[in-house]
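See structure below.
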Amino acid sequence: MESRKLYAIGALFNDPNKLVKLAKKIVEQGYKNWDVHSSFPIHGLPKIMRLKWSPLGYVALILGLTGTTFGLFLTWWTMSVDYPLIIGGKPWFSFPAFVPVLFELTVLLASVGTAIVMLFIIFKFPNNRHPLHDTDYLKKVSSDNCGLIIEAKDKKFNYDEIKSLFSQFEPDSIIDIYYQEEETSYKPKVFDWKFIVFLIVVAILTSAIGYLFNNVILYLPPFDFMMNQHKLNPQEASTFFNDGFGMRKPVPGTVARGEAFYPFKGKPDEAGTKLINPLLPSKENLELGKSKYNTFCSPCHGWRGEGDSRLNGQFPNPPSLHSEKVRNWSDGRIYHVIVEGQNIMPSYSKQLTEKERWAIVLYIRALQRSLNAKQEDVQ
Amino acid sequence: MNQIDYTIEPQIIEGNPTQSQVNDAIAKPLETKPTWKYYLALGISVSMLLTGAICLGYTFYYGLGLWGINQPIGWAFDIVNFVFWVGIGHAGTLISAILFLFRQKWRTGIARFAEAMTIFAVMTAGLFPLIHTGRPWLDGYLFPLPNQHHLWVNFTSPLIWDVFAVSTYLTVSFVFWYIGLIPDLAILRDRTKSKVKKIIYSIFSLGWRHSNTHWHHYEMIYLVLAGFATPLVLSVHTIVSFDFAVSILPGWHTTIFPPYFVAGAVFSGFAMVQNVLIVIRKIFDLEHIITLDILEKMNKVMLATGMMVGYAYGMEFFIAWYSGNPLESFVFINRAFGNYAWAYWIMVSCNVIFTQLFWIKKIRRSIIPMFIIGVLVNVGMWFERFVIVVTTTSRDFLPTSWDYFKPTLYDIGILIGSFGLFFTLVILFIRALPVVSISEVKAILPNSQPKHH
């Protein structure tokens with residue numbers, strides 16, 4: 001015959017009844033590689049052709065459940081783990097409110113995924129190089145006929161036998177279908193330069209679009225409006241007040257709410273005798289005293305009150321709080337120094353409440369005792 | 001396989017054409033040069049589209065202040081148009097999926113077209129939520145994209161459900177439509193003589209070769225997709241109605257909304273499909289495929305859904321009274337007799353009263369009256385959404401802030417533009433792709449299926 005390679009022999013019918021009869025006969029004779037073509041589904045043929053039940057239903061089920069699971073994870077993680085927000089007083093994971101989204105994701109994944117599985121995995125589409133394309137056979141099928149082919153690769157394939165079998169069923173025509181030249185010689189080449197260029201272009205395009213989308217179109221300036229408000233933070237300079245201080249002092253002659261008037265102004269000794277520490281050296285009070293001492297006193301007096309200032313000589317070092325003198329002072333006398341200051345040490349009455357001052361006194365006592373423990377403390 | 005007996009069912013396609021005649025008839029609009037009428041129609045719809053585009057451009061530049069919305073009426077034309085167009089889309093899925101599941105063979109003539117309309121209508125609808133955010137370039141944040149602010153969308157909000165519902169609906173409708181198109185594209189590929197067209201058809205038909213092993217899976221996926229599209233279409237308008245029903249405003253906060261919205265959607269969608277089909281079958285001589293019987297059946301569906309809508313109107317009033325909630329009853333009395341009474345009565349007369357004419361067989365089967373009723377239904381359904389959205393907010397809880405919404409030129413321009421967009425897409429579609437599914441029509445031709453097997 002010709003040098004072209006035979007792909008199959010096809011029979012075209014106008015009458016579907018004849019085709020169905022032929023199909024039954026072919027199944028009986030045990031051909032394997034054969035197919036029926038028609039431009040619409042012919043009812044009952046899958047059964048005659050002994051096709052397996054289509055798995056697409058299960059594919060859809062699995063993909064749908066994947067969608068649900070993904071949706072469940074997404075809603076749960078975003079709404080109750082990554083950025084929990086209470087909305088309408090509902091629990092973080094308020095399942096009923098997520099149902100619509102879960103449903104939509106289920107349907108989305110199931111239908112799109114099933115379509116992709118069918119077209120690209122089961123049918124192996126896109127495939128425009130199939131030998132049937134561009135043949136008279138397929139064109140006739142597209143317009144008027146339905147047809148049946150037996151492929152040459154079938155084990156039982158015998159050209160003359162099949163021809164005579166076909167003609168028994170009075171087809172409108174019998175056609176030999178050959179491979180086209182390029183179809184037999186075609187080999188997919190991964191390293192074809194066209195393909196590589198295509199891949200590069202796709203890579204550049206997707207990254208450019210991704211960059212544009214995320215960093216340009218969707219760009220929002222950082223949400224720093226809580227940080228940068230029109231107000232002065234502690235220690236900041238003010239251009240508004242004449243003295244240039246952002247932090248303001250209390251109005252002279254006033255007492256803060258909840259605080260008492262200090263009656264021993266300029267009378268340290270009287271304060272020393274008349275004032276009594278109202279706090280007990282409980283753990284709580286000592287903790288409070290420690291934290292306040294560390295904040296307000298330790299920069300000058302040192303962490304343990306030894307006069308080892310951390311101010312590097314910018315301010316004269318104060319004397320140790322472990323001196324005889326201070327150890328013998330009454331609580332009230334130390335308290336007085338905190339309230340009034342002493343010589344170059346400024347007053348801390350504005351920064352500390354009464355309770356905090358007394359707590360500091362307790363803490364100083366504890367410090368003193370730790371360095372000059374008496375015999376009975378050891379026990 | 002137990003098959004429906006085709007000998008008993010009445011003929012769906014008139015005139016008993018052969019298979020290649022079906023090919024010719026359906027492919028004709030794609031293969032012949034269009035007449036001046038086609039260009040006229042295209043010109044009109046493109047100018048409408050441009051009007052909308054200009055108004056939209058201004059809105060983007062100057063902001064939403066150009067629209068008539070203000071306190072307390074924050075939603076108006078944007079949301080009305082959105083709900084309206086989503087509703088139009090519903091008829092397509094109903095015809096292609098639900099009627100498919102019910103094995104209604106008469107749907108074949110109109111399914112493809114209705115599906116395409118679904119896609120175009122949902123595209124048009126999708127535009128409105130996007131533009132009504134005010135800063136449409138930031139709309140990417142409507143989706144849960146990981147971002148540098150660590151913010152996620154609020155999944156408990158009906159507005160986010162909407163985002164998911166509408167985008168899923170669009171995607172699934174598109175997949176459904178495209179799967180249906182593949183065999184037809186293959187038929188066109190094998191027909192065409194032009195080289196360029198052949199390449200295009202080859203690409204999009206993906207190499208379909210009418211194999212019955214493929215048809216076997218194909219029928220399965222069609223069933224699966226129809227099975228998913230059916231609850232999907234119901235969910236979409238349900239979720240759209242949640243935008244209102246989940247809020248706590250009187251007149252919106254009602255449980256009847258989901259079914260009522262779905263019925264209304266099918267109602268207006270059928271009216272739109274019917275209108276456009278009447279025009280198309282006339283222009284392209286498809287009277288024997290899109291038959292009068294089909295149109296009559298559509299009119300019956302409209303009659304039924306129209307009465308469901310009417311029932312919902314009545315029930316809303318009943319519940320407003322029966323619940324004993326003074327705010328609720330105020331809203332409904334205000335709807336019927338208040339500042340927007342004119343809109344309310346347009347709605348009632350178009351949707352409930354005029355459709356009753358479809359009881360008369362003669363009107364159901366004559367083209368001009370049913371066309372007019374179809375138009376009226378769409379007008380009525382547009383006003384239904386207007387009444388729901390605007391009357392409630394115009395009379396809010398604080399009488400000092402009561403207001404009267406008046407659309408600006410920009411509102412109206414964008415409304416016109418949405419019709420322009422929709423019809424432009426429809427008109428282009430008619431010339432680009434087969435408006436009737438060739439393979440489905442062929443499958444129900446009298447001699448195409450074997451008698452016994």
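In the structure tokens, the first chain shown is A, the next is B, and so on; residue numbers restart at 1 for each chain, and ligands run from 1 in the order shown.
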
With only C-alpha atoms considered, list every residue of chain B at most 6 Å from chain A, as a short mmCIF file (atom, residue, chain, number, x, y, z; two decimals) with N, CA and C atoms, in the first residue's frame.
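That gives us selection-v1.cif:
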```
data_model
loop_
_atom_site.label_atom_id
_atom_site.label_comp_id
_atom_site.auth_asym_id
_atom_site.auth_seq_id
_atom_site.Cartn_x
_atom_site.Cartn_y
_atom_site.Cartn_z
N GLN B 19 -29.14 16.42 10.86
CA GLN B 19 -28.09 16.91 11.76
C GLN B 19 -27.27 18.02 11.14
N SER B 20 -26.96 17.90 9.84
CA SER B 20 -26.12 18.94 9.27
C SER B 20 -26.92 20.23 9.11
N LEU B 138 -8.28 48.90 45.89
CA LEU B 138 -7.91 48.11 47.07
C LEU B 138 -8.82 46.89 47.25
N THR B 156 -17.33 36.21 59.36
CA THR B 156 -18.70 36.17 59.89
C THR B 156 -19.57 37.23 59.25
N TRP B 161 -19.39 36.72 52.75
CA TRP B 161 -20.08 35.56 52.14
C TRP B 161 -20.41 35.88 50.70
N ALA B 165 -19.64 33.89 47.47
CA ALA B 165 -20.75 33.33 46.69
C ALA B 165 -20.68 33.81 45.26
N THR B 168 -17.58 32.42 43.36
CA THR B 168 -17.76 31.00 43.08
C THR B 168 -18.79 30.81 41.97
N ILE B 187 -17.11 20.90 16.63
CA ILE B 187 -17.91 20.87 15.41
C ILE B 187 -17.55 22.06 14.52
N ASP B 190 -14.28 21.60 12.78
CA ASP B 190 -14.30 20.73 11.62
C ASP B 190 -15.06 21.33 10.45
N LEU B 206 -9.73 22.11 22.58
CA LEU B 206 -8.78 21.29 23.31
C LEU B 206 -8.49 19.96 22.65
N GLY B 207 -8.94 19.75 21.42
CA GLY B 207 -8.70 18.47 20.76
C GLY B 207 -9.82 17.48 20.97
N HIS B 210 -15.11 13.78 19.78
CA HIS B 210 -16.43 13.12 19.77
C HIS B 210 -16.39 11.67 20.17
N SER B 211 -15.32 11.25 20.82
CA SER B 211 -15.23 9.85 21.19
C SER B 211 -16.28 9.51 22.23
N ASN B 212 -16.88 8.34 22.08
CA ASN B 212 -17.92 7.98 23.05
C ASN B 212 -17.35 7.56 24.40
N TRP B 215 -17.51 10.92 25.83
CA TRP B 215 -18.89 11.31 26.14
C TRP B 215 -19.37 10.70 27.45
N HIS B 217 -17.65 10.04 30.20
CA HIS B 217 -17.25 10.89 31.33
C HIS B 217 -17.94 12.24 31.27
N LEU B 225 -21.77 18.68 37.64
CA LEU B 225 -21.79 20.14 37.66
C LEU B 225 -23.20 20.65 37.87
N SER B 439 -24.64 20.13 20.03
CA SER B 439 -24.65 18.70 20.33
C SER B 439 -25.90 18.32 21.12
N ALA B 443 -28.74 15.65 19.86
CA ALA B 443 -29.05 14.47 20.66
C ALA B 443 -30.54 14.27 20.82
N PRO B 450 -30.53 5.57 18.81
CA PRO B 450 -30.95 4.22 18.42
C PRO B 450 -32.27 3.86 19.10
#
```

**Asked** Got a sec: who's within 12 Å of Phe82 of chain B, counting only C-alpha atoms, leaving out chain neighbours fewer than 4 positions off, as a PyMOL selection string?
**Response** chain B and resi 75-78+86-89+121-132+162+166+237+240-241+243+265+382+385-386+389+414-415+418-419

Can you write out the residues you just picked, keeping C-alpha atoms, as a CSV table (one decimal), in the first residue's frame?
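Final file, result01.csv:
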```csv
chain,number,residue,atom,x,y,z
B,75,TRP,CA,-26.8,52.0,49.8
B,76,ALA,CA,-28.7,52.9,46.8
B,77,PHE,CA,-28.2,52.3,43.0
B,78,ASP,CA,-25.0,50.4,43.5
B,86,VAL,CA,-27.2,38.8,40.1
B,87,GLY,CA,-30.9,38.0,39.9
B,88,ILE,CA,-30.9,38.1,36.1
B,89,GLY,CA,-28.1,35.6,36.2
B,121,ALA,CA,-25.1,39.2,34.2
B,122,VAL,CA,-22.9,38.1,37.1
B,123,MET,CA,-19.9,39.9,35.6
B,124,THR,CA,-22.0,43.1,35.4
B,125,ALA,CA,-23.3,42.5,38.9
B,126,GLY,CA,-19.8,41.8,40.3
B,127,LEU,CA,-18.8,45.3,39.1
B,128,PHE,CA,-21.1,47.0,41.6
B,129,PRO,CA,-19.8,45.8,44.9
B,130,LEU,CA,-16.3,46.5,43.6
B,131,ILE,CA,-17.0,50.1,42.7
B,132,HIS,CA,-19.2,50.8,45.7
B,162,ASP,CA,-21.2,37.6,49.2
B,166,VAL,CA,-20.6,35.6,43.7
B,237,HIS,CA,-29.2,34.7,46.1
B,240,VAL,CA,-27.3,38.1,48.7
B,241,SER,CA,-30.4,38.4,50.7
B,243,ASP,CA,-26.7,41.2,53.2
B,265,ALA,CA,-34.2,36.3,40.9
B,382,TRP,CA,-35.5,46.5,39.6
B,385,ARG,CA,-34.7,46.0,45.0
B,386,PHE,CA,-34.9,49.8,45.1
B,389,VAL,CA,-32.8,49.0,49.8
B,414,ILE,CA,-23.7,53.9,35.6
B,415,LEU,CA,-27.1,52.1,35.5
B,418,SER,CA,-24.5,48.3,33.2
B,419,PHE,CA,-27.1,47.6,30.6
```

**Request:** Based on DSSP run over this structure's backbone, return all residues of segment 139-189 of chain A in strand (DSSP E or B), as a list of chain:residue names.
**Result:** A:Cys146, A:Gly147, A:Leu148, A:Ile149, A:Ile150, A:Glu151, A:Ser173, A:Ile174, A:Ile175, A:Asp176, A:Ile177, A:Tyr178

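Taking atom CA of Gly210 of chain A and atom CA of Gly140 of chain B as endpoints, the distance between them is 12.1 Å.
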
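Counting only C-alpha atoms, Pro369 of chain B has the following residues at most 12 Å away, ignoring those fewer than 5 positions along the same chain: Gln274, Asn275, Ile278, Glu296, Asn299, Phe354, Thr355, Leu357, Phe358, Ile360, Lys361, Lys362, Ile363, Arg364, Gly374, Val375 and Leu376 of chain B.
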
Keeping C-alpha atoms for every residue in the selection just given, could you write it to a file as a compact mmCIF listing (two decimals), in the first residue's frame?
```
# COMPACT_ATOMS: atom_id res chain seq x y z
CA GLN B 274 -37.29 35.64 27.25
CA ASN B 275 -36.81 39.20 26.02
CA ILE B 278 -37.33 36.85 21.24
CA GLU B 296 -44.65 29.70 26.49
CA ASN B 299 -43.91 32.50 30.54
CA PHE B 354 -49.46 42.50 34.89
CA THR B 355 -48.03 39.00 35.00
CA LEU B 357 -52.18 38.22 32.04
CA PHE B 358 -50.15 35.09 31.44
CA ILE B 360 -54.52 33.75 29.14
CA LYS B 361 -53.08 31.29 26.67
CA LYS B 362 -53.32 33.71 23.80
CA ILE B 363 -51.09 36.24 25.52
CA ARG B 364 -48.70 33.53 26.61
CA GLY B 374 -41.17 40.70 30.17
CA VAL B 375 -39.88 44.25 30.06
CA LEU B 376 -42.36 45.29 32.74
```

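If you count only C-alpha atoms and ignore residues fewer than 5 places along the chain from Ser394 of chain B, what sits within 7 Å of it is Pro72, Ile73, Trp402, Asp403 and Tyr404 of chain B.
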
**Message:** Using only C-alpha atoms, which protein or nucleic acid residues come within 12 Å of Arg310 of chain A? Drop anything in the same chain fewer than 6 positions from it, and give the result as a list in words.
**Reply:** Asn294, Cys297, Ser298, Pro299, Cys300, His301, Gly302, Trp303, Arg304, Pro316, Asn317 and Pro318 of chain A

Take the residues from that selection and put them in a file with C-alpha atoms, as a PDB file, in the first residue's frame.
```
ATOM      1  CA  ASN A 294      14.795  50.652  90.996  1.00  0.00           C
ATOM      2  CA  CYS A 297      16.239  55.993  93.228  1.00  0.00           C
ATOM      3  CA  SER A 298      18.684  53.467  91.783  1.00  0.00           C
ATOM      4  CA  PRO A 299      20.059  55.710  88.987  1.00  0.00           C
ATOM      5  CA  CYS A 300      21.775  57.835  91.669  1.00  0.00           C
ATOM      6  CA  HIS A 301      21.937  55.595  94.701  1.00  0.00           C
ATOM      7  CA  GLY A 302      22.819  52.355  92.886  1.00  0.00           C
ATOM      8  CA  TRP A 303      20.905  49.090  92.743  1.00  0.00           C
ATOM      9  CA  ARG A 304      21.749  48.294  96.363  1.00  0.00           C
ATOM     10  CA  PRO A 316      27.522  64.160  92.149  1.00  0.00           C
ATOM     11  CA  ASN A 317      27.475  60.709  93.699  1.00  0.00           C
ATOM     12  CA  PRO A 318      25.193  60.527  96.729  1.00  0.00           C
TER      13      PRO A 318
END
```

**Prompt:** What is the distance, in Å and to one decimal place, between atom CA of Thr273 of chain A and atom CA of Tyr335 of chain A?
**Reply:** 11.3 Å

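Counting from atom CA of Gly310 of chain B, the distance to atom CA of Trp106 of chain B is 27.0 Å.
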
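Here the question is which of A:Lys5, A:Lys25, A:Arg50, A:Lys267 gets nearest to Lys153 of chain A using only C-alpha atoms, and that residue is A:Lys5.
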
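The nearest approach to Glu287 of chain A among the residues A:Ile174, A:Glu161, A:Ser323, A:Glu356, with only C-alpha atoms taken into account, belongs to A:Glu356.
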
**Request:** Excluding segment 246-251 of chain B and residues on its chain fewer than 2 positions from it, collect all residues at most 7 Å away from it, counting only C-alpha atoms, and give them as a VMD selection string.
**Result:** chain B and resid 242 to 244 253 to 254 327 to 328 331 392

**Prompt:** If you run DSSP on the backbone, which residues of segment 226-322 of chain B are alpha helix (DSSP H), as a ChimeraX atom specification?
**Reply:** /B:226-245,257-283,292-322

Met298 of chain B environment, 7 Å, only C-alpha atoms, sequence neighbours closer than 4 positions dropped, as a PDB file with N, CA and C atoms, in the first residue's frame:
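Writing done, so here's result.pdb:
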```
ATOM      1  N   PHE B 270     -35.851  35.020  34.082  1.00  0.00           N
ATOM      2  CA  PHE B 270     -36.618  34.456  32.974  1.00  0.00           C
ATOM      3  C   PHE B 270     -37.141  35.558  32.074  1.00  0.00           C
ATOM      4  N   ILE B 294     -41.298  26.794  23.736  1.00  0.00           N
ATOM      5  CA  ILE B 294     -40.312  27.079  24.771  1.00  0.00           C
ATOM      6  C   ILE B 294     -40.651  28.402  25.450  1.00  0.00           C
ATOM      7  N   MET B 302     -42.569  32.286  34.643  1.00  0.00           N
ATOM      8  CA  MET B 302     -42.680  33.656  35.144  1.00  0.00           C
ATOM      9  C   MET B 302     -43.967  33.856  35.925  1.00  0.00           C
TER      10      MET B 302
END
```

**Asked** Using only C-alpha atoms, which of the listed residues (A:Thr353, A:Ser291, A:Ser238, A:Asn277) sits closest to Ile334 of chain A?
**Response** A:Asn277
